[in-house]
Every structure is written in structure tokens, then in C-alpha cells.
Amino acid sequence: VHKTAYWGQLTLGTPPQPLKVIFDTGSGNLIVPAAGCTEPGCAPHRKYNSKASSTASLVTNERGESSSDITFGTGEITGDFYKDNLCISEKLCFDVNFIAADSMSTQPFSVVPFDGIMGMGFEDLSMGAGFNIVDDLQ
């Protein structure tokens, strides 16, 4: 049997807020549910609370956009752009730009076993410069 999806734990913010994400090579953004999202797609998941983080800030991309709507093959999200501290492990922490989703479609998000998506694809798949986790690791 082959595993077709991989997910793991990370933390966002100060103090750390734990989240489970799927590692997705077909997208380029980190997307997590925002604390204010009350839609069914967000309901079963842990959420990122920017107000609880002393290191959180709203950001814009190089096109001056501060939010986005993203449509996937099976669902869609809407959210604002933030910068905060991401830790993949105790010793691997850095600041990242990401999307805190205030809207997530019921399907598939209400039934997936992870909270968010860590896009690990090319920069062209992300919201712009500074939004690609793989590039931020360099």
C-alpha cells in the first residue's frame, strides 16, 4: 500500500499555535484556517489566532494585495495575508508570509484530517515573492 498524502505538525505564532498541515507539491502557499472562520469547512479544525500572537502582522504582496480567493480542484478558500513565526521543528523556525483563511468551502475541508495546507510547489504557484515556503528555506 502506498501513501498518497503526507501531513505533519508545525506551529505558527508567538506563543506557538500547533496546526496539522498536508504537504502539497501542487500549490505554493501556506494556508491555515483563521480564528474568525466559523464556516463548516473550518469548524472541525484548529485555527490560527493572529490576535494571540505577539509576532503576527498583516502583509501585502508585491501587487499590493492583502487577501486572496483561491480555487482548488475540489474546493476554495478566501483569506488575508499574514506574516508570523513558523516552526517546523524546535530548531527550524523562521518568519513566513501565509494565508489565514476566513472562509473554507465545506467540501473537502470539513472532512479532511488536517487543519491547513503547506504548499511546497514552485514560486509561480504562490501569492508572490515571500509567500513560498521552499524559497524561504534557502
# chains A, B, ... in the order shown; residues from 1 in each chain; ligands from 1
$ residues_around --residues "stretch 63-68 of chain A" --least-positions-apart "2" --cutoff "10 Å" --atoms "only C-alpha atoms" --output "list in words"
Leu58, Val59, Thr60, Asn61, Ile70, Thr71, Ile77, Thr78, Gly79, Asp80, Phe81, Tyr82, Phe98, Ile99, Ala100, Ala101, Met127, Gly128 and Ala129 of chain A
$ write_last_selection --atoms "N, CA, C and O atoms" --output "compact mmCIF listing (two decimals), in the first residue's frame"
# COMPACT_ATOMS: atom_id res chain seq x y z
N LEU A 58 -0.23 41.85 9.52
CA LEU A 58 -0.84 41.79 8.20
C LEU A 58 0.19 42.24 7.18
O LEU A 58 1.00 43.13 7.45
N VAL A 59 0.20 41.63 6.00
CA VAL A 59 1.15 41.98 4.95
C VAL A 59 0.44 42.07 3.60
O VAL A 59 -0.70 41.62 3.45
N THR A 60 1.13 42.64 2.63
CA THR A 60 0.66 42.67 1.25
C THR A 60 1.73 42.03 0.36
O THR A 60 2.91 41.97 0.74
N ASN A 61 1.32 41.57 -0.81
CA ASN A 61 2.30 41.05 -1.76
C ASN A 61 2.80 42.20 -2.64
O ASN A 61 2.39 43.35 -2.46
N ILE A 70 -8.74 31.57 -3.51
CA ILE A 70 -8.04 30.51 -4.23
C ILE A 70 -9.02 29.37 -4.46
O ILE A 70 -9.69 28.91 -3.53
N THR A 71 -9.08 28.90 -5.71
CA THR A 71 -9.92 27.76 -6.05
C THR A 71 -9.02 26.57 -6.35
O THR A 71 -8.09 26.66 -7.15
N ILE A 77 -10.91 28.66 -0.89
CA ILE A 77 -10.68 29.39 0.35
C ILE A 77 -10.60 30.89 0.04
O ILE A 77 -10.31 31.29 -1.09
N THR A 78 -10.86 31.70 1.04
CA THR A 78 -10.66 33.14 0.98
C THR A 78 -9.96 33.53 2.27
O THR A 78 -10.33 33.04 3.34
N GLY A 79 -8.94 34.39 2.17
CA GLY A 79 -8.26 34.77 3.40
C GLY A 79 -7.34 35.95 3.25
O GLY A 79 -7.09 36.44 2.15
N ASP A 80 -6.86 36.42 4.39
CA ASP A 80 -5.95 37.57 4.48
C ASP A 80 -4.52 37.09 4.57
O ASP A 80 -4.24 35.99 5.05
N PHE A 81 -3.59 37.97 4.15
CA PHE A 81 -2.16 37.66 4.17
C PHE A 81 -1.57 38.11 5.51
O PHE A 81 -1.77 39.24 5.94
N TYR A 82 -0.82 37.21 6.13
CA TYR A 82 -0.13 37.49 7.39
C TYR A 82 1.33 37.11 7.29
O TYR A 82 1.72 36.31 6.44
N PHE A 98 1.81 33.99 4.80
CA PHE A 98 0.85 32.91 4.58
C PHE A 98 -0.56 33.48 4.52
O PHE A 98 -0.78 34.68 4.72
N ILE A 99 -1.51 32.61 4.26
CA ILE A 99 -2.91 33.00 4.17
C ILE A 99 -3.66 32.40 5.37
O ILE A 99 -3.61 31.19 5.59
N ALA A 100 -4.32 33.26 6.12
CA ALA A 100 -5.21 32.82 7.19
C ALA A 100 -6.62 32.90 6.62
O ALA A 100 -7.16 33.98 6.36
N ALA A 101 -7.21 31.74 6.39
CA ALA A 101 -8.49 31.65 5.68
C ALA A 101 -9.66 31.97 6.59
O ALA A 101 -9.85 31.31 7.63
N MET A 127 1.34 33.24 -3.85
CA MET A 127 0.73 34.57 -3.97
C MET A 127 1.74 35.65 -4.33
O MET A 127 1.38 36.80 -4.48
N GLY A 128 3.00 35.30 -4.46
CA GLY A 128 4.02 36.26 -4.86
C GLY A 128 5.31 36.05 -4.10
O GLY A 128 5.46 35.11 -3.32
N ALA A 129 6.24 36.96 -4.31
CA ALA A 129 7.54 36.89 -3.63
C ALA A 129 7.34 36.90 -2.12
O ALA A 129 6.54 37.66 -1.59
$ residues_around --residues "stretch 28-43 of chain A" --least-positions-apart "2" --cutoff "6 Å" --atoms "only C-alpha atoms" --output "number ranges by chain"
A: 45, 47-49, 98-106, 109-110, 116-122, 125-126, 132
$ write_last_selection --atoms "N, CA and C atoms" --output "JSON list (two decimals), in the first residue's frame"
[["chain", "number", "residue", "atom", "x", "y", "z"],
["A", 45, "HIS", "N", -11.46, 22.12, 12.67],
["A", 45, "HIS", "CA", -10.00, 22.29, 12.68],
["A", 45, "HIS", "C", -9.51, 23.27, 13.73],
["A", 47, "LYS", "N", -7.34, 26.45, 14.64],
["A", 47, "LYS", "CA", -7.27, 27.69, 13.87],
["A", 47, "LYS", "C", -6.14, 28.59, 14.35],
["A", 48, "TYR", "N", -5.62, 29.39, 13.43],
["A", 48, "TYR", "CA", -4.58, 30.37, 13.73],
["A", 48, "TYR", "C", -5.24, 31.64, 14.25],
["A", 49, "ASN", "N", -4.79, 32.10, 15.42],
["A", 49, "ASN", "CA", -5.33, 33.31, 16.02],
["A", 49, "ASN", "C", -4.26, 34.40, 16.00],
["A", 98, "PHE", "N", 1.81, 33.99, 4.80],
["A", 98, "PHE", "CA", 0.85, 32.91, 4.58],
["A", 98, "PHE", "C", -0.56, 33.48, 4.52],
["A", 99, "ILE", "N", -1.51, 32.61, 4.26],
["A", 99, "ILE", "CA", -2.91, 33.00, 4.17],
["A", 99, "ILE", "C", -3.66, 32.40, 5.37],
["A", 100, "ALA", "N", -4.32, 33.26, 6.12],
["A", 100, "ALA", "CA", -5.21, 32.82, 7.19],
["A", 100, "ALA", "C", -6.62, 32.90, 6.62],
["A", 101, "ALA", "N", -7.21, 31.74, 6.39],
["A", 101, "ALA", "CA", -8.49, 31.65, 5.68],
["A", 101, "ALA", "C", -9.66, 31.97, 6.59],
["A", 102, "ASP", "N", -10.45, 32.96, 6.20],
["A", 102, "ASP", "CA", -11.67, 33.25, 6.94],
["A", 102, "ASP", "C", -12.88, 32.60, 6.29],
["A", 103, "SER", "N", -12.65, 31.89, 5.18],
["A", 103, "SER", "CA", -13.69, 31.14, 4.50],
["A", 103, "SER", "C", -13.06, 29.91, 3.84],
["A", 104, "MET", "N", -13.61, 28.73, 4.13],
["A", 104, "MET", "CA", -13.16, 27.49, 3.51],
["A", 104, "MET", "C", -14.40, 26.70, 3.12],
["A", 105, "SER", "N", -14.44, 26.24, 1.88],
["A", 105, "SER", "CA", -15.63, 25.52, 1.41],
["A", 105, "SER", "C", -15.86, 24.26, 2.25],
["A", 106, "THR", "N", -17.13, 23.92, 2.39],
["A", 106, "THR", "CA", -17.49, 22.74, 3.17],
["A", 106, "THR", "C", -16.79, 21.50, 2.63],
["A", 109, "PHE", "N", -13.01, 20.54, 2.88],
["A", 109, "PHE", "CA", -12.32, 20.90, 4.13],
["A", 109, "PHE", "C", -13.00, 20.42, 5.40],
["A", 110, "SER", "N", -14.30, 20.21, 5.39],
["A", 110, "SER", "CA", -14.97, 19.76, 6.60],
["A", 110, "SER", "C", -14.65, 18.30, 6.95],
["A", 116, "GLY", "N", -4.59, 22.61, 7.74],
["A", 116, "GLY", "CA", -4.21, 23.52, 6.66],
["A", 116, "GLY", "C", -3.38, 22.84, 5.60],
["A", 117, "ILE", "N", -2.88, 23.66, 4.68],
["A", 117, "ILE", "CA", -2.11, 23.19, 3.53],
["A", 117, "ILE", "C", -0.76, 23.90, 3.51],
["A", 118, "MET", "N", 0.32, 23.13, 3.47],
["A", 118, "MET", "CA", 1.64, 23.72, 3.29],
["A", 118, "MET", "C", 2.05, 23.47, 1.85],
["A", 119, "GLY", "N", 1.83, 24.48, 1.00],
["A", 119, "GLY", "CA", 2.21, 24.37, -0.39],
["A", 119, "GLY", "C", 3.71, 24.35, -0.53],
["A", 120, "MET", "N", 4.21, 23.34, -1.21],
["A", 120, "MET", "CA", 5.66, 23.18, -1.39],
["A", 120, "MET", "C", 6.04, 23.23, -2.86],
["A", 121, "GLY", "N", 5.13, 23.76, -3.69],
["A", 121, "GLY", "CA", 5.38, 23.85, -5.12],
["A", 121, "GLY", "C", 6.21, 25.09, -5.47],
["A", 122, "PHE", "N", 6.36, 25.31, -6.75],
["A", 122, "PHE", "CA", 7.17, 26.42, -7.25],
["A", 122, "PHE", "C", 6.60, 27.78, -6.87],
["A", 125, "LEU", "N", 3.37, 29.24, -8.17],
["A", 125, "LEU", "CA", 2.12, 28.75, -7.61],
["A", 125, "LEU", "C", 1.71, 29.49, -6.34],
["A", 126, "SER", "N", 2.55, 30.43, -5.88],
["A", 126, "SER", "CA", 2.27, 31.15, -4.63],
["A", 126, "SER", "C", 1.73, 32.55, -4.91],
["A", 132, "ASN", "N", 6.49, 31.76, -0.63],
["A", 132, "ASN", "CA", 6.80, 30.37, -0.96],
["A", 132, "ASN", "C", 7.71, 29.79, 0.14]]
$ atom_distance --atom1 "atom CA of A:Ser54" --atom2 "atom CA of A:Ile88"
18.7 Å
$ select_by_dssp --residues "stretch 32-134 of chain A" --states "strand (DSSP E)" --output "PyMOL selection string"
chain A and resi 32-33+57-58+67-71+76-89+92-104+116-119
$ write_last_selection --atoms "N, CA, C and O atoms" --output "short mmCIF file (atom, residue, chain, number, x, y, z; two decimals), in the first residue's frame"
data_model
loop_
_atom_site.label_atom_id
_atom_site.label_comp_id
_atom_site.auth_asym_id
_atom_site.auth_seq_id
_atom_site.Cartn_x
_atom_site.Cartn_y
_atom_site.Cartn_z
N VAL A 32 -3.87 28.31 6.38
CA VAL A 32 -4.43 27.75 7.62
C VAL A 32 -5.75 28.45 7.93
O VAL A 32 -5.96 29.59 7.53
N PRO A 33 -6.65 27.78 8.64
CA PRO A 33 -7.91 28.43 8.99
C PRO A 33 -7.67 29.54 10.02
O PRO A 33 -6.86 29.38 10.94
N SER A 57 1.64 39.95 11.90
CA SER A 57 1.35 41.22 11.23
C SER A 57 0.67 40.95 9.90
O SER A 57 0.93 39.94 9.25
N LEU A 58 -0.23 41.85 9.52
CA LEU A 58 -0.84 41.79 8.20
C LEU A 58 0.19 42.24 7.18
O LEU A 58 1.00 43.13 7.45
N SER A 67 -5.20 40.13 0.46
CA SER A 67 -6.04 38.94 0.62
C SER A 67 -6.19 38.27 -0.73
O SER A 67 -5.82 38.84 -1.76
N SER A 68 -6.77 37.07 -0.71
CA SER A 68 -6.94 36.34 -1.96
C SER A 68 -8.07 35.32 -1.85
O SER A 68 -8.40 34.86 -0.76
N ASP A 69 -8.62 34.97 -3.00
CA ASP A 69 -9.53 33.85 -3.17
C ASP A 69 -8.76 32.81 -3.98
O ASP A 69 -8.21 33.14 -5.03
N ILE A 70 -8.74 31.57 -3.51
CA ILE A 70 -8.04 30.51 -4.23
C ILE A 70 -9.02 29.37 -4.46
O ILE A 70 -9.69 28.91 -3.53
N THR A 71 -9.08 28.90 -5.71
CA THR A 71 -9.92 27.76 -6.05
C THR A 71 -9.02 26.57 -6.35
O THR A 71 -8.09 26.66 -7.15
N GLU A 76 -12.49 25.70 -2.26
CA GLU A 76 -11.95 27.05 -2.34
C GLU A 76 -11.80 27.66 -0.96
O GLU A 76 -12.45 27.24 0.00
N ILE A 77 -10.91 28.66 -0.89
CA ILE A 77 -10.68 29.39 0.35
C ILE A 77 -10.60 30.89 0.04
O ILE A 77 -10.31 31.29 -1.09
N THR A 78 -10.86 31.70 1.04
CA THR A 78 -10.66 33.14 0.98
C THR A 78 -9.96 33.53 2.27
O THR A 78 -10.33 33.04 3.34
N GLY A 79 -8.94 34.39 2.17
CA GLY A 79 -8.26 34.77 3.40
C GLY A 79 -7.34 35.95 3.25
O GLY A 79 -7.09 36.44 2.15
N ASP A 80 -6.86 36.42 4.39
CA ASP A 80 -5.95 37.57 4.48
C ASP A 80 -4.52 37.09 4.57
O ASP A 80 -4.24 35.99 5.05
N PHE A 81 -3.59 37.97 4.15
CA PHE A 81 -2.16 37.66 4.17
C PHE A 81 -1.57 38.11 5.51
O PHE A 81 -1.77 39.24 5.94
N TYR A 82 -0.82 37.21 6.13
CA TYR A 82 -0.13 37.49 7.39
C TYR A 82 1.33 37.11 7.29
O TYR A 82 1.72 36.31 6.44
N LYS A 83 2.11 37.66 8.20
CA LYS A 83 3.48 37.22 8.44
C LYS A 83 3.56 36.84 9.90
O LYS A 83 3.05 37.56 10.77
N ASP A 84 4.19 35.69 10.19
CA ASP A 84 4.38 35.27 11.57
C ASP A 84 5.49 34.24 11.61
O ASP A 84 6.00 33.81 10.57
N ASN A 85 5.84 33.83 12.81
CA ASN A 85 6.91 32.87 13.04
C ASN A 85 6.37 31.45 12.83
O ASN A 85 5.40 31.05 13.45
N LEU A 86 7.03 30.70 11.93
CA LEU A 86 6.69 29.31 11.65
C LEU A 86 7.80 28.43 12.19
O LEU A 86 8.98 28.70 11.96
N CYS A 87 7.43 27.37 12.90
CA CYS A 87 8.40 26.36 13.33
C CYS A 87 7.98 25.01 12.78
O CYS A 87 6.85 24.56 13.02
N ILE A 88 8.89 24.40 12.04
CA ILE A 88 8.66 23.06 11.52
C ILE A 88 9.19 22.04 12.52
O ILE A 88 8.71 20.92 12.60
N SER A 89 10.19 22.46 13.30
CA SER A 89 10.71 21.67 14.40
C SER A 89 11.23 22.67 15.44
O SER A 89 11.19 23.88 15.21
N LEU A 92 14.05 24.63 13.75
CA LEU A 92 13.85 25.17 12.41
C LEU A 92 12.65 26.11 12.42
O LEU A 92 11.51 25.70 12.19
N CYS A 93 12.93 27.38 12.73
CA CYS A 93 11.90 28.42 12.83
C CYS A 93 12.31 29.62 11.98
O CYS A 93 13.50 29.96 11.92
N PHE A 94 11.34 30.23 11.34
CA PHE A 94 11.62 31.41 10.52
C PHE A 94 10.30 32.13 10.27
O PHE A 94 9.22 31.58 10.46
N ASP A 95 10.39 33.40 9.85
CA ASP A 95 9.19 34.18 9.53
C ASP A 95 8.70 33.82 8.13
O ASP A 95 9.51 33.68 7.21
N VAL A 96 7.39 33.68 7.99
CA VAL A 96 6.79 33.35 6.71
C VAL A 96 5.56 34.21 6.45
O VAL A 96 4.90 34.66 7.39
N ASN A 97 5.28 34.41 5.19
CA ASN A 97 4.01 35.01 4.76
C ASN A 97 3.07 33.85 4.43
O ASN A 97 3.49 32.86 3.83
N PHE A 98 1.81 33.99 4.80
CA PHE A 98 0.85 32.91 4.58
C PHE A 98 -0.56 33.48 4.52
O PHE A 98 -0.78 34.68 4.72
N ILE A 99 -1.51 32.61 4.26
CA ILE A 99 -2.91 33.00 4.17
C ILE A 99 -3.66 32.40 5.37
O ILE A 99 -3.61 31.19 5.59
N ALA A 100 -4.32 33.26 6.12
CA ALA A 100 -5.21 32.82 7.19
C ALA A 100 -6.62 32.90 6.62
O ALA A 100 -7.16 33.98 6.36
N ALA A 101 -7.21 31.74 6.39
CA ALA A 101 -8.49 31.65 5.68
C ALA A 101 -9.66 31.97 6.59
O ALA A 101 -9.85 31.31 7.63
N ASP A 102 -10.45 32.96 6.20
CA ASP A 102 -11.67 33.25 6.94
C ASP A 102 -12.88 32.60 6.29
O ASP A 102 -14.00 32.70 6.78
N SER A 103 -12.65 31.89 5.18
CA SER A 103 -13.69 31.14 4.50
C SER A 103 -13.06 29.91 3.84
O SER A 103 -12.08 30.05 3.11
N MET A 104 -13.61 28.73 4.13
CA MET A 104 -13.16 27.49 3.51
C MET A 104 -14.40 26.70 3.12
O MET A 104 -15.31 26.53 3.94
N GLY A 116 -4.59 22.61 7.74
CA GLY A 116 -4.21 23.52 6.66
C GLY A 116 -3.38 22.84 5.60
O GLY A 116 -3.18 21.62 5.62
N ILE A 117 -2.88 23.66 4.68
CA ILE A 117 -2.11 23.19 3.53
C ILE A 117 -0.76 23.90 3.51
O ILE A 117 -0.71 25.13 3.56
N MET A 118 0.32 23.13 3.47
CA MET A 118 1.64 23.72 3.29
C MET A 118 2.05 23.47 1.85
O MET A 118 2.49 22.38 1.49
N GLY A 119 1.83 24.48 1.00
CA GLY A 119 2.21 24.37 -0.39
C GLY A 119 3.71 24.35 -0.53
O GLY A 119 4.40 25.21 -0.01
#
$ atom_distance --atom1 "atom CA of A:Gly26" --atom2 "atom CA of A:Arg46"
22.9 Å
$ select_by_dssp --residues "chain A" --states "helix (DSSP H, G or I)" --output "list in words"
Ser50, Lys51, Ala52, Thr106, Gln107, Pro108, Phe109, Glu123, Asp124, Leu125, Ile133, Val134, Asp135 and Asp136 of chain A
$ closest_residue --among "A:Val111, A:Trp7, A:Ser50, A:Glu123" --to "A:Leu19" --atoms "only C-alpha atoms"
A:Trp7
$ residues_around --residues "A:Phe114" --least-positions-apart "2" --cutoff "6 Å" --atoms "only C-alpha atoms" --output "tab-separated table (two decimals) with N, CA and C atoms, in the first residue's frame"
chain	number	residue	atom	x	y	z
A	20	LYS	N	-1.89	21.01	12.16
A	20	LYS	CA	-1.53	19.87	11.31
A	20	LYS	C	-1.77	20.29	9.87
A	21	VAL	N	-0.75	20.12	9.01
A	21	VAL	CA	-0.88	20.51	7.60
A	21	VAL	C	-0.56	19.34	6.69
A	112	VAL	N	-11.48	16.65	5.89
A	112	VAL	CA	-10.06	16.29	5.78
A	112	VAL	C	-9.44	16.18	7.17
A	116	GLY	N	-4.59	22.61	7.74
A	116	GLY	CA	-4.21	23.52	6.66
A	116	GLY	C	-3.38	22.84	5.60
